[in-house]
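A.B. asks: What follows is start_33.pdb, PDB, C-alpha atoms, pLDDT in the B column.
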ATOM      1  CA  MET A 667      90.631 111.534 104.686  1.00 97.00           C
ATOM      2  CA  ILE A 668      90.031 108.563 102.419  1.00 98.00           C
ATOM      3  CA  ARG A 669      89.977 105.231 104.191  1.00 98.00           C
ATOM      4  CA  VAL A 670      90.628 102.098 102.149  1.00 98.00           C
ATOM      5  CA  THR A 671      89.758  98.765 103.722  1.00 98.00           C
ATOM      6  CA  PHE A 672      90.862  95.551 102.042  1.00 98.00           C
ATOM      7  CA  TRP A 673      89.060  92.433 103.206  1.00 97.00           C
ATOM      8  CA  ARG A 674      90.982  89.169 103.356  1.00 95.00           C
ATOM      9  CA  GLY A 675      89.384  85.745 103.433  1.00 91.00           C
ATOM     10  CA  ARG A 676      90.448  83.011 105.815  1.00 87.00           C
ATOM     11  CA  ASP A 677      92.888  81.874 103.128  1.00 89.00           C
ATOM     12  CA  GLY A 678      94.606  85.278 103.243  1.00 92.00           C
ATOM     13  CA  GLU A 679      93.495  86.226  99.728  1.00 94.00           C
ATOM     14  CA  LEU A 680      91.811  89.547  99.065  1.00 97.00           C
ATOM     15  CA  GLY A 681      88.037  89.151  98.900  1.00 96.00           C
ATOM     16  CA  GLY A 682      86.980  92.729  98.396  1.00 97.00           C
ATOM     17  CA  PHE A 683      87.503  96.318  99.375  1.00 98.00           C
ATOM     18  CA  ARG A 684      85.805  99.483 100.570  1.00 98.00           C
ATOM     19  CA  VAL A 685      86.801 103.073  99.872  1.00 98.00           C
ATOM     20  CA  THR A 686      85.170 105.755 102.022  1.00 98.00           C
ATOM     21  CA  GLY A 687      85.538 109.468 102.588  1.00 97.00           C
ATOM     22  CA  HIS A 688      87.055 112.365 100.724  1.00 95.00           C
ATOM     23  CA  ALA A 689      90.731 113.285 100.669  1.00 97.00           C
ATOM     24  CA  GLY A 690      90.419 117.024 101.226  1.00 96.00           C
ATOM     25  CA  TYR A 691      93.656 117.552  99.299  1.00 97.00           C
ATOM     26  CA  GLY A 692      92.091 120.062  96.923  1.00 96.00           C
ATOM     27  CA  PRO A 693      88.746 121.666  96.106  1.00 94.00           C
ATOM     28  CA  LYS A 694      85.827 119.456  95.096  1.00 88.00           C
ATOM     29  CA  GLY A 695      86.172 118.622  91.424  1.00 90.00           C
ATOM     30  CA  GLY A 696      89.899 119.382  91.494  1.00 95.00           C
ATOM     31  CA  ASP A 697      91.176 117.002  94.153  1.00 97.00           C
ATOM     32  CA  ILE A 698      93.858 114.875  92.462  1.00 97.00           C
ATOM     33  CA  VAL A 699      94.075 112.437  95.380  1.00 98.00           C
ATOM     34  CA  CYS A 700      90.326 111.730  95.290  1.00 96.00           C
ATOM     35  CA  ALA A 701      90.474 111.431  91.514  1.00 97.00           C
ATOM     36  CA  ALA A 702      93.361 108.953  91.614  1.00 98.00           C
ATOM     37  CA  VAL A 703      91.777 106.757  94.291  1.00 98.00           C
ATOM     38  CA  SER A 704      88.380 106.858  92.576  1.00 97.00           C
ATOM     39  CA  ALA A 705      89.845 105.995  89.184  1.00 97.00           C
ATOM     40  CA  LEU A 706      91.711 102.977  90.550  1.00 98.00           C
ATOM     41  CA  ALA A 707      88.758 101.690  92.591  1.00 98.00           C
ATOM     42  CA  GLN A 708      86.229 102.125  89.796  1.00 97.00           C
ATOM     43  CA  THR A 709      88.567 100.541  87.247  1.00 98.00           C
ATOM     44  CA  ALA A 710      89.022  97.540  89.541  1.00 98.00           C
ATOM     45  CA  VAL A 711      85.237  97.148  89.813  1.00 98.00           C
ATOM     46  CA  LEU A 712      84.833  97.425  86.037  1.00 98.00           C
ATOM     47  CA  GLY A 713      87.599  94.870  85.481  1.00 98.00           C
ATOM     48  CA  LEU A 714      86.044  92.422  87.940  1.00 98.00           C
ATOM     49  CA  GLU A 715      82.596  92.847  86.371  1.00 97.00           C
ATOM     50  CA  ASP A 716      84.040  92.336  82.906  1.00 97.00           C
ATOM     51  CA  GLN A 717      86.330  89.391  83.623  1.00 97.00           C
ATOM     52  CA  LEU A 718      84.492  87.279  86.195  1.00 96.00           C
ATOM     53  CA  GLU A 719      81.745  84.794  85.453  1.00 92.00           C
ATOM     54  CA  GLY A 720      80.010  85.766  88.714  1.00 89.00           C
ATOM     55  CA  LYS A 721      79.505  89.463  89.307  1.00 93.00           C
ATOM     56  CA  PRO A 722      80.920  91.074  92.452  1.00 97.00           C
ATOM     57  CA  GLN A 723      78.589  92.698  94.954  1.00 97.00           C
ATOM     58  CA  VAL A 724      79.063  96.430  94.436  1.00 98.00           C
ATOM     59  CA  THR A 725      77.539  99.300  96.403  1.00 97.00           C
ATOM     60  CA  ILE A 726      78.244 102.909  95.464  1.00 96.00           C
ATOM     61  CA  SER A 727      77.042 106.064  97.183  1.00 94.00           C
ATOM     62  CA  ASP A 728      78.565 109.483  97.759  1.00 90.00           C
ATOM     63  CA  GLY A 729      82.016 108.933  99.213  1.00 90.00           C
ATOM     64  CA  ASP A 730      81.546 105.177  99.661  1.00 97.00           C
ATOM     65  CA  LEU A 731      82.373 102.356  97.232  1.00 98.00           C
ATOM     66  CA  GLN A 732      82.236  98.721  98.344  1.00 98.00           C
ATOM     67  CA  CYS A 733      83.100  95.681  96.274  1.00 98.00           C
ATOM     68  CA  ARG A 734      82.988  92.086  97.437  1.00 97.00           C
ATOM     69  CA  LEU A 735      83.868  89.054  95.343  1.00 97.00           C
ATOM     70  CA  PRO A 736      81.274  86.332  94.823  1.00 93.00           C
ATOM     71  CA  ALA A 737      81.853  83.274  97.003  1.00 89.00           C
ATOM     72  CA  ASP A 738      81.540  80.769  94.173  1.00 91.00           C
ATOM     73  CA  LEU A 739      84.409  81.807  91.908  1.00 94.00           C
ATOM     74  CA  SER A 740      86.017  79.158  89.756  1.00 95.00           C
ATOM     75  CA  PRO A 741      89.778  78.644  90.181  1.00 95.00           C
ATOM     76  CA  ALA A 742      90.370  80.669  86.994  1.00 96.00           C
ATOM     77  CA  GLY A 743      88.044  83.418  88.221  1.00 96.00           C
ATOM     78  CA  ALA A 744      89.806  83.490  91.579  1.00 95.00           C
ATOM     79  CA  ARG A 745      93.182  83.931  89.834  1.00 97.00           C
ATOM     80  CA  THR A 746      91.805  86.756  87.710  1.00 98.00           C
ATOM     81  CA  ALA A 747      90.244  88.461  90.738  1.00 97.00           C
ATOM     82  CA  ARG A 748      93.508  88.074  92.666  1.00 97.00           C
ATOM     83  CA  VAL A 749      95.445  89.889  89.917  1.00 98.00           C
ATOM     84  CA  ILE A 750      92.925  92.726  89.677  1.00 98.00           C
ATOM     85  CA  LEU A 751      92.690  93.220  93.451  1.00 98.00           C
ATOM     86  CA  ARG A 752      96.458  92.950  93.940  1.00 98.00           C
ATOM     87  CA  THR A 753      96.961  95.617  91.260  1.00 98.00           C
ATOM     88  CA  LEU A 754      94.449  97.854  93.068  1.00 98.00           C
ATOM     89  CA  GLU A 755      96.228  97.169  96.355  1.00 98.00           C
ATOM     90  CA  VAL A 756      99.633  98.169  94.954  1.00 98.00           C
ATOM     91  CA  GLY A 757      98.236 101.362  93.434  1.00 98.00           C
ATOM     92  CA  LEU A 758      96.319 102.460  96.530  1.00 98.00           C
ATOM     93  CA  ASN A 759      99.192 101.667  98.889  1.00 98.00           C
ATOM     94  CA  THR A 760     101.475 103.793  96.713  1.00 98.00           C
ATOM     95  CA  ILE A 761      99.037 106.707  96.842  1.00 98.00           C
ATOM     96  CA  ALA A 762      98.686 106.240 100.613  1.00 98.00           C
ATOM     97  CA  THR A 763     102.471 106.389 100.994  1.00 98.00           C
ATOM     98  CA  ASP A 764     102.820 109.481  98.816  1.00 98.00           C
ATOM     99  CA  TYR A 765      99.800 111.274 100.323  1.00 98.00           C
ATOM    100  CA  ARG A 766      99.885 109.877 103.857  1.00 95.00           C
ATOM    101  CA  PRO A 767      97.703 112.483 105.574  1.00 95.00           C
ATOM    102  CA  TYR A 768      94.966 112.050 102.963  1.00 98.00           C
ATOM    103  CA  VAL A 769      94.721 108.271 102.411  1.00 98.00           C
ATOM    104  CA  GLN A 770      94.869 105.412 104.908  1.00 98.00           C
ATOM    105  CA  VAL A 771      94.888 101.703 103.999  1.00 98.00           C
ATOM    106  CA  GLU A 772      93.860  98.982 106.437  1.00 98.00           C
ATOM    107  CA  TYR A 773      93.144  95.260 106.297  1.00 97.00           C
ATOM    108  CA  LYS A 774      90.332  93.307 107.922  1.00 97.00           C
ATOM    109  CA  THR A 775      89.213  89.709 107.900  1.00 94.00           C
ATOM    110  CA  LEU A 776      86.269  89.093 105.603  1.00 82.00           C
ATOM    111  CA  THR A 777      83.225  87.925 107.546  1.00 78.00           C
ATOM    112  CA  SER A 778      79.574  87.429 106.679  1.00 66.00           C
ATOM    113  CA  GLU A 779      78.846  90.805 108.334  1.00 63.00           C
ATOM    114  CA  THR A 780      81.508  92.661 106.311  1.00 58.00           C
TER     115      THR A 780
END
If you took the structure in this file and wrote it as C-alpha cells, what would it be?

C.D. replies:
Amino acid sequence: MIRVTFWRGRDGELGGFRVTGHAGYGPKGGDIVCAAVSALAQTAVLGLEDQLEGKPQVTISDGDLQCRLPADLSPAGARTARVILRTLEVGLNTIATDYRPYVQVEYKTLTSET
C-alpha cells in the first residue's frame, strides 16, 4: 500500500508531504497506481523547485519521497506553493478514492521533528 502523508502547519496550510510504500496493484514496472502517484509527487517537487525562490527540502529513496517547504517563503512563494500542493492533494485524494485498497491519504501537523 502507498501511504501519503500531508503535513499542515499551525496555520492549516500544507507545508509538505511524504509518499511511502508500493501499491502492489500490478507487477513492478507495470503498476499504474504506483506510476500515477509517483508522477504526481515528482511533478509537484519539480514545480516547487522551479517556482520557489527557496528550495524545498527533498529526500528520495526507494519507495519514499519526502518534500517539505522552506520556512522563509515570501507571501508570493507561499501562494505558489499552496497552489502546487493543493493540486497534488486533489490528484492524490482522487487516486486514493478510486484505488482505496492501494493508496491511503492522511494528514498530520507539521512539527520540527516531521

A.B. asks: May I have the residues within 12 Å of Tyr765 (chain A) as a PyMOL selection string, using all atoms listed in the file and disregarding those fewer than 2 positions away in the same chain?

C.D. replies: chain A and resi 667-668+689-691+698-700+702-703+758-763+767-771

A.B. asks: The selected residues should be written to file as a PDB file, in the frame of the given file (atoms: C-alpha atoms).

C.D. replies:
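Dumped to out-v4.pdb:
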ATOM      1  CA  MET A 667      90.631 111.534 104.686  1.00 97.00           C
ATOM      2  CA  ILE A 668      90.031 108.563 102.419  1.00 98.00           C
ATOM      3  CA  ALA A 689      90.731 113.285 100.669  1.00 97.00           C
ATOM      4  CA  GLY A 690      90.419 117.024 101.226  1.00 96.00           C
ATOM      5  CA  TYR A 691      93.656 117.552  99.299  1.00 97.00           C
ATOM      6  CA  ILE A 698      93.858 114.875  92.462  1.00 97.00           C
ATOM      7  CA  VAL A 699      94.075 112.437  95.380  1.00 98.00           C
ATOM      8  CA  CYS A 700      90.326 111.730  95.290  1.00 96.00           C
ATOM      9  CA  ALA A 702      93.361 108.953  91.614  1.00 98.00           C
ATOM     10  CA  VAL A 703      91.777 106.757  94.291  1.00 98.00           C
ATOM     11  CA  LEU A 758      96.319 102.460  96.530  1.00 98.00           C
ATOM     12  CA  ASN A 759      99.192 101.667  98.889  1.00 98.00           C
ATOM     13  CA  THR A 760     101.475 103.793  96.713  1.00 98.00           C
ATOM     14  CA  ILE A 761      99.037 106.707  96.842  1.00 98.00           C
ATOM     15  CA  ALA A 762      98.686 106.240 100.613  1.00 98.00           C
ATOM     16  CA  THR A 763     102.471 106.389 100.994  1.00 98.00           C
ATOM     17  CA  PRO A 767      97.703 112.483 105.574  1.00 95.00           C
ATOM     18  CA  TYR A 768      94.966 112.050 102.963  1.00 98.00           C
ATOM     19  CA  VAL A 769      94.721 108.271 102.411  1.00 98.00           C
ATOM     20  CA  GLN A 770      94.869 105.412 104.908  1.00 98.00           C
ATOM     21  CA  VAL A 771      94.888 101.703 103.999  1.00 98.00           C
TER      22      VAL A 771
END

A.B. asks: Using the chain letters and numbers from the file, give me the residues hit by the PyMOL selection byres ((chain A and resi 685) around 10), as a compact mmCIF listing (two decimals) with C-alpha atoms, in the coordinates of the input.

C.D. replies:
# COMPACT_ATOMS: atom_id res chain seq x y z
CA ILE A 668 90.03 108.56 102.42
CA ARG A 669 89.98 105.23 104.19
CA VAL A 670 90.63 102.10 102.15
CA THR A 671 89.76 98.76 103.72
CA PHE A 672 90.86 95.55 102.04
CA PHE A 683 87.50 96.32 99.38
CA ARG A 684 85.80 99.48 100.57
CA THR A 686 85.17 105.76 102.02
CA GLY A 687 85.54 109.47 102.59
CA HIS A 688 87.06 112.36 100.72
CA VAL A 703 91.78 106.76 94.29
CA SER A 704 88.38 106.86 92.58
CA ALA A 707 88.76 101.69 92.59
CA ILE A 726 78.24 102.91 95.46
CA GLY A 729 82.02 108.93 99.21
CA ASP A 730 81.55 105.18 99.66
CA LEU A 731 82.37 102.36 97.23
CA GLN A 732 82.24 98.72 98.34
CA CYS A 733 83.10 95.68 96.27
CA VAL A 769 94.72 108.27 102.41
CA GLN A 770 94.87 105.41 104.91
CA VAL A 771 94.89 101.70 104.00

A.B. asks: Could you give me, as a PyMOL selection string, the residues that have an atom at most 12 Å away from the point (92.5, 82.8, 90.2) in the coordinates of the file, using all atoms listed in the file?

C.D. replies: chain A and resi 679-681+714+717-719+735+738-752

A.B. asks: For a test of reading the model, state the distance in Å between CA of Gly757 (chain A) and CA of Pro736 (chain A), rounded to one decimal.

C.D. replies: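 Separating CA of Gly757 (chain A) from CA of Pro736 (chain A) is a distance of 22.7 Å.
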
A.B. asks: Quick check, in Å to one decimal: how far apart do CA of Leu754 (chain A) and CA of Ala737 (chain A) lie?

C.D. replies: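 Between these atoms lies a distance of 19.7 Å.
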
A.B. asks: On this structure, which residues satisfy the PyMOL selection byres ((chain A and resi 776) around 8), written as a count of residues only?

C.D. replies: 10

A.B. asks: Measure the distance from CA of Gly713 (chain A) to CA of Arg734 (chain A) in Å and round it to one decimal.

C.D. replies: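 CA of Arg734 (chain A) lies 13.1 Å from CA of Gly713 (chain A).
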
A.B. asks: Just add N, CA and C atoms to region 734-758 of chain A and send it as a PDB file, keeping the file's coordinate frame.

C.D. replies:
ATOM      1  N   ARG A 734      82.705  93.373  96.810  1.00 97.00           N
ATOM      2  CA  ARG A 734      82.988  92.086  97.437  1.00 97.00           C
ATOM      3  C   ARG A 734      82.871  90.999  96.383  1.00 97.00           C
ATOM      4  N   LEU A 735      83.861  90.126  96.332  1.00 97.00           N
ATOM      5  CA  LEU A 735      83.868  89.054  95.343  1.00 97.00           C
ATOM      6  C   LEU A 735      82.771  88.033  95.643  1.00 97.00           C
ATOM      7  N   PRO A 736      82.232  87.418  94.585  1.00 93.00           N
ATOM      8  CA  PRO A 736      81.274  86.332  94.823  1.00 93.00           C
ATOM      9  C   PRO A 736      81.989  85.145  95.470  1.00 93.00           C
ATOM     10  N   ALA A 737      81.260  84.394  96.267  1.00 89.00           N
ATOM     11  CA  ALA A 737      81.853  83.274  97.003  1.00 89.00           C
ATOM     12  C   ALA A 737      82.132  82.068  96.117  1.00 89.00           C
ATOM     13  N   ASP A 738      81.461  81.982  94.991  1.00 91.00           N
ATOM     14  CA  ASP A 738      81.540  80.769  94.173  1.00 91.00           C
ATOM     15  C   ASP A 738      82.412  80.930  92.928  1.00 91.00           C
ATOM     16  N   LEU A 739      83.518  81.628  93.055  1.00 94.00           N
ATOM     17  CA  LEU A 739      84.409  81.807  91.908  1.00 94.00           C
ATOM     18  C   LEU A 739      85.085  80.495  91.527  1.00 94.00           C
ATOM     19  N   SER A 740      85.241  80.293  90.242  1.00 95.00           N
ATOM     20  CA  SER A 740      86.017  79.158  89.756  1.00 95.00           C
ATOM     21  C   SER A 740      87.495  79.416  90.055  1.00 95.00           C
ATOM     22  N   PRO A 741      88.346  78.403  89.984  1.00 95.00           N
ATOM     23  CA  PRO A 741      89.778  78.644  90.181  1.00 95.00           C
ATOM     24  C   PRO A 741      90.337  79.697  89.213  1.00 95.00           C
ATOM     25  N   ALA A 742      89.905  79.665  87.960  1.00 96.00           N
ATOM     26  CA  ALA A 742      90.370  80.669  86.994  1.00 96.00           C
ATOM     27  C   ALA A 742      89.856  82.048  87.363  1.00 96.00           C
ATOM     28  N   GLY A 743      88.611  82.137  87.790  1.00 96.00           N
ATOM     29  CA  GLY A 743      88.044  83.418  88.221  1.00 96.00           C
ATOM     30  C   GLY A 743      88.752  83.962  89.449  1.00 96.00           C
ATOM     31  N   ALA A 744      89.084  83.073  90.369  1.00 95.00           N
ATOM     32  CA  ALA A 744      89.806  83.490  91.579  1.00 95.00           C
ATOM     33  C   ALA A 744      91.177  84.047  91.229  1.00 95.00           C
ATOM     34  N   ARG A 745      91.870  83.423  90.271  1.00 97.00           N
ATOM     35  CA  ARG A 745      93.182  83.931  89.834  1.00 97.00           C
ATOM     36  C   ARG A 745      93.037  85.317  89.204  1.00 97.00           C
ATOM     37  N   THR A 746      92.043  85.466  88.360  1.00 98.00           N
ATOM     38  CA  THR A 746      91.805  86.756  87.710  1.00 98.00           C
ATOM     39  C   THR A 746      91.489  87.820  88.748  1.00 98.00           C
ATOM     40  N   ALA A 747      90.605  87.511  89.679  1.00 97.00           N
ATOM     41  CA  ALA A 747      90.244  88.461  90.738  1.00 97.00           C
ATOM     42  C   ALA A 747      91.458  88.823  91.576  1.00 97.00           C
ATOM     43  N   ARG A 748      92.299  87.838  91.865  1.00 97.00           N
ATOM     44  CA  ARG A 748      93.508  88.074  92.666  1.00 97.00           C
ATOM     45  C   ARG A 748      94.419  89.089  91.975  1.00 97.00           C
ATOM     46  N   VAL A 749      94.588  88.959  90.664  1.00 98.00           N
ATOM     47  CA  VAL A 749      95.445  89.889  89.917  1.00 98.00           C
ATOM     48  C   VAL A 749      94.855  91.301  89.938  1.00 98.00           C
ATOM     49  N   ILE A 750      93.566  91.405  89.703  1.00 98.00           N
ATOM     50  CA  ILE A 750      92.925  92.726  89.677  1.00 98.00           C
ATOM     51  C   ILE A 750      93.002  93.380  91.059  1.00 98.00           C
ATOM     52  N   LEU A 751      92.666  92.635  92.107  1.00 98.00           N
ATOM     53  CA  LEU A 751      92.690  93.220  93.451  1.00 98.00           C
ATOM     54  C   LEU A 751      94.104  93.516  93.924  1.00 98.00           C
ATOM     55  N   ARG A 752      95.053  92.687  93.560  1.00 98.00           N
ATOM     56  CA  ARG A 752      96.458  92.950  93.940  1.00 98.00           C
ATOM     57  C   ARG A 752      96.964  94.216  93.245  1.00 98.00           C
ATOM     58  N   THR A 753      96.574  94.407  91.983  1.00 98.00           N
ATOM     59  CA  THR A 753      96.961  95.617  91.260  1.00 98.00           C
ATOM     60  C   THR A 753      96.364  96.853  91.940  1.00 98.00           C
ATOM     61  N   LEU A 754      95.097  96.761  92.327  1.00 98.00           N
ATOM     62  CA  LEU A 754      94.449  97.854  93.068  1.00 98.00           C
ATOM     63  C   LEU A 754      95.189  98.111  94.372  1.00 98.00           C
ATOM     64  N   GLU A 755      95.528  97.051  95.075  1.00 98.00           N
ATOM     65  CA  GLU A 755      96.228  97.169  96.355  1.00 98.00           C
ATOM     66  C   GLU A 755      97.567  97.894  96.196  1.00 98.00           C
ATOM     67  N   VAL A 756      98.332  97.523  95.195  1.00 98.00           N
ATOM     68  CA  VAL A 756      99.633  98.169  94.954  1.00 98.00           C
ATOM     69  C   VAL A 756      99.434  99.659  94.660  1.00 98.00           C
ATOM     70  N   GLY A 757      98.490  99.962  93.792  1.00 98.00           N
ATOM     71  CA  GLY A 757      98.236 101.362  93.434  1.00 98.00           C
ATOM     72  C   GLY A 757      97.783 102.196  94.615  1.00 98.00           C
ATOM     73  N   LEU A 758      96.836 101.682  95.400  1.00 98.00           N
ATOM     74  CA  LEU A 758      96.319 102.460  96.530  1.00 98.00           C
ATOM     75  C   LEU A 758      97.331 102.580  97.651  1.00 98.00           C
TER      76      LEU A 758
END
